[in-house]
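Participant: Coordinates in query-v3.txt, compact mmCIF, N, CA and C atoms and all ligand atoms, are listed below.
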# COMPACT_ATOMS: atom_id res chain seq x y z
N MET A 23 18.69 -10.22 -14.16
CA MET A 23 17.88 -9.00 -14.10
C MET A 23 17.00 -9.02 -12.85
N LEU A 24 17.00 -7.95 -12.15
CA LEU A 24 16.17 -7.87 -10.97
C LEU A 24 14.70 -7.75 -11.35
N PRO A 25 13.84 -8.26 -10.49
CA PRO A 25 12.39 -8.15 -10.79
C PRO A 25 11.96 -6.70 -10.95
N TRP A 26 12.66 -5.81 -10.24
CA TRP A 26 12.23 -4.40 -10.24
C TRP A 26 12.53 -3.72 -11.58
N GLU A 27 13.44 -4.31 -12.36
CA GLU A 27 13.79 -3.69 -13.63
C GLU A 27 12.56 -3.52 -14.51
N ASN A 28 11.70 -4.53 -14.49
CA ASN A 28 10.51 -4.46 -15.32
C ASN A 28 9.54 -3.39 -14.83
N LEU A 29 9.59 -3.12 -13.54
CA LEU A 29 8.66 -2.15 -13.00
C LEU A 29 8.90 -0.76 -13.58
N LYS A 30 10.14 -0.50 -13.96
CA LYS A 30 10.44 0.82 -14.53
C LYS A 30 9.70 1.03 -15.84
N GLU A 31 9.43 -0.08 -16.50
CA GLU A 31 8.73 0.03 -17.78
C GLU A 31 7.24 0.23 -17.58
N MET A 32 6.77 -0.09 -16.40
CA MET A 32 5.34 0.00 -16.15
C MET A 32 4.99 1.42 -15.71
N SER A 33 3.76 1.75 -15.93
CA SER A 33 3.30 3.08 -15.57
C SER A 33 2.84 3.08 -14.11
N LEU A 34 3.62 3.69 -13.26
CA LEU A 34 3.29 3.66 -11.84
C LEU A 34 1.95 4.30 -11.50
N PRO A 35 1.56 5.36 -12.18
CA PRO A 35 0.24 5.93 -11.85
C PRO A 35 -0.89 4.94 -12.02
N ASP A 36 -0.67 3.89 -12.79
CA ASP A 36 -1.70 2.87 -12.94
C ASP A 36 -1.71 1.90 -11.77
N LEU A 37 -0.65 1.90 -11.01
CA LEU A 37 -0.53 0.95 -9.91
C LEU A 37 -0.90 1.55 -8.57
N GLU A 38 -0.81 2.85 -8.48
CA GLU A 38 -1.13 3.48 -7.21
C GLU A 38 -1.63 4.90 -7.46
N THR A 39 -2.40 5.37 -6.53
CA THR A 39 -2.88 6.75 -6.63
C THR A 39 -2.53 7.48 -5.35
N LEU A 40 -2.33 8.75 -5.48
CA LEU A 40 -2.04 9.56 -4.30
C LEU A 40 -3.24 9.52 -3.36
N CYS A 41 -2.97 9.29 -2.11
CA CYS A 41 -4.06 9.20 -1.14
C CYS A 41 -4.79 10.54 -1.06
N TRP A 42 -6.10 10.47 -1.24
CA TRP A 42 -6.87 11.72 -1.28
C TRP A 42 -6.97 12.35 0.11
N ARG A 43 -6.80 11.55 1.13
CA ARG A 43 -7.01 12.07 2.48
C ARG A 43 -5.77 12.80 3.02
N CYS A 44 -4.61 12.21 2.79
CA CYS A 44 -3.40 12.82 3.35
C CYS A 44 -2.51 13.42 2.27
N TRP A 45 -2.88 13.23 1.01
CA TRP A 45 -2.15 13.77 -0.12
C TRP A 45 -0.68 13.38 -0.10
N GLY A 46 -0.43 12.12 0.22
CA GLY A 46 0.92 11.59 0.11
C GLY A 46 1.77 11.78 1.35
N SER A 47 1.24 12.49 2.34
CA SER A 47 2.06 12.73 3.53
C SER A 47 2.04 11.52 4.46
N GLY A 48 0.97 10.71 4.37
CA GLY A 48 0.88 9.52 5.21
C GLY A 48 0.35 9.79 6.60
N VAL A 49 0.12 11.05 6.91
CA VAL A 49 -0.43 11.39 8.23
C VAL A 49 -1.59 12.36 8.06
N VAL A 50 -2.51 12.28 8.99
CA VAL A 50 -3.64 13.20 9.00
C VAL A 50 -3.81 13.76 10.41
N PRO A 51 -4.31 14.98 10.52
CA PRO A 51 -4.51 15.56 11.86
C PRO A 51 -5.73 14.96 12.54
N ILE A 52 -5.61 14.76 13.83
CA ILE A 52 -6.78 14.36 14.61
C ILE A 52 -7.62 15.59 14.89
N GLU A 53 -8.89 15.44 14.77
CA GLU A 53 -9.76 16.57 15.06
C GLU A 53 -9.62 16.98 16.52
N ASP A 54 -9.60 18.27 16.75
CA ASP A 54 -9.59 18.86 18.09
C ASP A 54 -8.24 18.78 18.79
N HIS A 55 -7.34 17.94 18.32
CA HIS A 55 -6.10 17.78 19.07
C HIS A 55 -4.90 18.43 18.39
N GLY A 56 -4.97 18.57 17.08
CA GLY A 56 -3.84 19.15 16.39
C GLY A 56 -2.67 18.20 16.26
N GLN A 57 -2.88 16.94 16.63
CA GLN A 57 -1.84 15.95 16.48
C GLN A 57 -1.94 15.28 15.13
N MET A 58 -0.85 14.72 14.69
CA MET A 58 -0.87 13.99 13.44
C MET A 58 -0.82 12.49 13.72
N VAL A 59 -1.68 11.77 13.06
CA VAL A 59 -1.68 10.31 13.20
C VAL A 59 -1.53 9.66 11.83
N GLU A 60 -1.17 8.41 11.85
CA GLU A 60 -1.04 7.67 10.61
C GLU A 60 -2.38 7.65 9.86
N CYS A 61 -2.30 7.93 8.59
CA CYS A 61 -3.52 8.00 7.79
C CYS A 61 -4.18 6.63 7.72
N PRO A 62 -5.44 6.53 8.09
CA PRO A 62 -6.12 5.23 8.09
C PRO A 62 -6.42 4.71 6.68
N ASP A 63 -6.48 5.62 5.74
CA ASP A 63 -6.85 5.19 4.39
C ASP A 63 -5.70 4.51 3.66
N CYS A 64 -4.50 4.99 3.87
CA CYS A 64 -3.35 4.43 3.14
C CYS A 64 -2.38 3.76 4.09
N GLU A 65 -2.74 3.70 5.38
CA GLU A 65 -1.89 3.06 6.39
C GLU A 65 -0.53 3.73 6.46
N GLY A 66 -0.51 5.02 6.25
CA GLY A 66 0.72 5.78 6.43
C GLY A 66 1.64 5.79 5.24
N LEU A 67 1.19 5.17 4.14
CA LEU A 67 2.05 5.10 2.97
C LEU A 67 1.95 6.35 2.11
N GLY A 68 0.80 6.99 2.15
CA GLY A 68 0.61 8.17 1.31
C GLY A 68 0.09 7.82 -0.07
N TRP A 69 0.13 6.55 -0.41
CA TRP A 69 -0.33 6.11 -1.72
C TRP A 69 -1.26 4.91 -1.54
N ILE A 70 -2.24 4.83 -2.39
CA ILE A 70 -3.19 3.72 -2.34
C ILE A 70 -3.08 2.93 -3.63
N PRO A 71 -2.87 1.63 -3.53
CA PRO A 71 -2.77 0.83 -4.75
C PRO A 71 -4.09 0.76 -5.49
N THR A 72 -4.01 0.83 -6.79
CA THR A 72 -5.21 0.65 -7.61
C THR A 72 -5.49 -0.83 -7.73
N GLU A 73 -6.51 -1.17 -8.52
CA GLU A 73 -6.83 -2.58 -8.71
C GLU A 73 -5.63 -3.31 -9.31
N ASP A 74 -5.00 -2.68 -10.29
CA ASP A 74 -3.82 -3.29 -10.88
C ASP A 74 -2.68 -3.38 -9.87
N GLY A 75 -2.57 -2.36 -9.06
CA GLY A 75 -1.53 -2.35 -8.04
C GLY A 75 -1.72 -3.47 -7.04
N ARG A 76 -2.97 -3.70 -6.68
CA ARG A 76 -3.27 -4.78 -5.73
C ARG A 76 -2.93 -6.14 -6.32
N LYS A 77 -3.23 -6.27 -7.61
CA LYS A 77 -2.90 -7.54 -8.27
C LYS A 77 -1.40 -7.77 -8.24
N LEU A 78 -0.65 -6.71 -8.50
CA LEU A 78 0.81 -6.82 -8.48
C LEU A 78 1.30 -7.16 -7.08
N LEU A 79 0.72 -6.50 -6.09
CA LEU A 79 1.11 -6.77 -4.71
C LEU A 79 0.83 -8.23 -4.35
N GLU A 80 -0.32 -8.71 -4.74
CA GLU A 80 -0.67 -10.10 -4.45
C GLU A 80 0.28 -11.05 -5.15
N PHE A 81 0.61 -10.69 -6.39
CA PHE A 81 1.55 -11.50 -7.15
C PHE A 81 2.91 -11.57 -6.46
N VAL A 82 3.41 -10.41 -6.09
CA VAL A 82 4.73 -10.34 -5.45
C VAL A 82 4.71 -11.09 -4.12
N GLN A 83 3.65 -10.85 -3.35
CA GLN A 83 3.57 -11.50 -2.04
C GLN A 83 3.50 -13.02 -2.19
N ARG A 84 2.75 -13.46 -3.17
CA ARG A 84 2.59 -14.90 -3.37
C ARG A 84 3.93 -15.53 -3.75
N HIS A 85 4.63 -14.86 -4.66
CA HIS A 85 5.86 -15.46 -5.17
C HIS A 85 7.05 -15.25 -4.25
N LEU A 86 6.96 -14.28 -3.39
CA LEU A 86 8.03 -14.10 -2.42
C LEU A 86 7.71 -14.81 -1.11
N GLY A 87 6.53 -15.39 -1.05
CA GLY A 87 6.16 -16.11 0.15
C GLY A 87 5.75 -15.21 1.29
N ILE A 88 5.39 -13.98 0.95
CA ILE A 88 4.93 -13.06 1.98
C ILE A 88 3.43 -13.26 2.17
N THR A 89 3.02 -13.46 3.38
CA THR A 89 1.60 -13.66 3.62
C THR A 89 0.98 -12.40 4.17
N GLY A 90 -0.26 -12.16 3.78
CA GLY A 90 -0.96 -10.98 4.26
C GLY A 90 -1.29 -11.11 5.73
N GLU A 91 -1.50 -9.96 6.34
CA GLU A 91 -1.81 -9.98 7.77
C GLU A 91 -3.22 -10.50 8.01
N ASP A 92 -4.07 -10.34 7.03
CA ASP A 92 -5.47 -10.64 7.26
C ASP A 92 -5.77 -12.14 7.23
N GLU A 93 -5.13 -12.84 6.31
CA GLU A 93 -5.57 -14.19 6.08
C GLU A 93 -4.59 -15.26 6.58
N GLU A 94 -3.49 -15.37 5.84
CA GLU A 94 -2.70 -16.58 6.02
C GLU A 94 -1.83 -16.56 7.28
N SER A 95 -1.68 -15.36 7.87
CA SER A 95 -0.86 -15.30 9.07
C SER A 95 -1.64 -15.69 10.32
N LYS A 96 -2.96 -15.85 10.13
CA LYS A 96 -3.76 -16.28 11.28
C LYS A 96 -3.40 -17.71 11.66
N PRO A 97 -3.29 -17.97 12.92
CA PRO A 97 -3.05 -19.36 13.33
C PRO A 97 -4.22 -20.25 12.97
N ILE A 98 -3.90 -21.43 12.55
CA ILE A 98 -4.96 -22.36 12.20
C ILE A 98 -5.65 -22.85 13.47
N PRO A 99 -6.95 -22.71 13.54
CA PRO A 99 -7.66 -23.12 14.76
C PRO A 99 -7.64 -24.63 14.97
ZN ZN B 101 -3.36 8.64 3.29
Here is the file; what I need is its structure written in the form of structure tokens.
Facilitator:
Amino acid sequence: MLPWENLKEMSLPDLETLCWRCWGSGVVPIEDHGQMVECPDCEGLGWIPTEDGRKLLEFVQRHLGITGEDEESKPIP
């Protein structure tokens, strides 16, 4: 059974919320320019993980050996 099979049983709205700034589009307009840029709040995903979602992300990353950009990928001084 794939790990994702269990996710179907979980309630996704509890894991993520629609980004209030871009409303799921992942992009927001720059003021004065009319250009669209990646939404800073959701990093272009359109969705923001909730507390439970973050826990799941951390769990998956830990067990898949994926390291976050902020911490463990930094070179050791
Ligand atoms: Zn957004």
Participant: Write out as a Markdown table a residue-level contact list of chain A versus ligand ZN 101 (chain B) with cut-off 6.5 Å: for each qualifying residue the closest pair of atoms and the distance in Å to one decimal, counting only N, CA and C atoms and all ligand atoms, rows sorted by chain and residue number upward.
Facilitator:
| residue | atom | partner | partner_atom | distance |
| --- | --- | --- | --- | --- |
| A:Cys41 | CA | B:ZN101 | ZN | 4.5 |
| A:Trp42 | N | B:ZN101 | ZN | 5.6 |
| A:Arg43 | C | B:ZN101 | ZN | 4.8 |
| A:Cys44 | N | B:ZN101 | ZN | 3.8 |
| A:Trp45 | N | B:ZN101 | ZN | 5.1 |
| A:Gly46 | N | B:ZN101 | ZN | 5.5 |
| A:Ser47 | N | B:ZN101 | ZN | 6.1 |
| A:Gly48 | CA | B:ZN101 | ZN | 4.7 |
| A:Val49 | N | B:ZN101 | ZN | 5.6 |
| A:Cys61 | CA | B:ZN101 | ZN | 4.5 |
| A:Pro62 | N | B:ZN101 | ZN | 5.6 |
| A:Asp63 | C | B:ZN101 | ZN | 4.8 |
| A:Cys64 | N | B:ZN101 | ZN | 3.9 |
| A:Glu65 | N | B:ZN101 | ZN | 5.4 |
| A:Gly66 | N | B:ZN101 | ZN | 5.5 |
| A:Leu67 | N | B:ZN101 | ZN | 5.8 |
| A:Gly68 | CA | B:ZN101 | ZN | 4.5 |
| A:Trp69 | N | B:ZN101 | ZN | 5.5 |
Participant: Just the helix (DSSP H, G or I) stuff from range 34-80 of chain A, please, per backbone DSSP, written as a list in words.
Facilitator: Leu34, Pro35, Asp36, Glu73, Asp74, Gly75, Arg76, Lys77, Leu78, Leu79 and Glu80 of chain A
Participant: Quote the spacing between CA of Pro71 in chain A and atom N of His85 in chain A in Å to one decimal place.
Facilitator: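 Here the two named atoms are 17.3 Å from each other.
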Participant: Counting all atoms listed in the file, which of A:Leu79, A:Val59, A:Ile88, A:Ile70 gets nearest to Glu38 in chain A?
Facilitator: A:Ile70
Participant: Work out how far atom N of Phe81 in chain A is from atom C of Thr39 in chain A, in Å to one decimal.
Facilitator: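 That distance, rounded to one decimal, is 18.5 Å.
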Participant: Name the residues of range 34-74 of chain A that fall into strand (DSSP E or B) according to DSSP on the backbone, using the chain letters and numbers of this document, as number ranges by chain.
Facilitator: A: 38-40, 49-51, 58-60, 69-71
Participant: Have a look at CA of Leu78 in chain A and CA of Asp36 in chain A and let me know their distance in Å, one decimal.
Facilitator: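 Interatomic distance, CA of Leu78 in chain A to CA of Asp36 in chain A: 11.0 Å.
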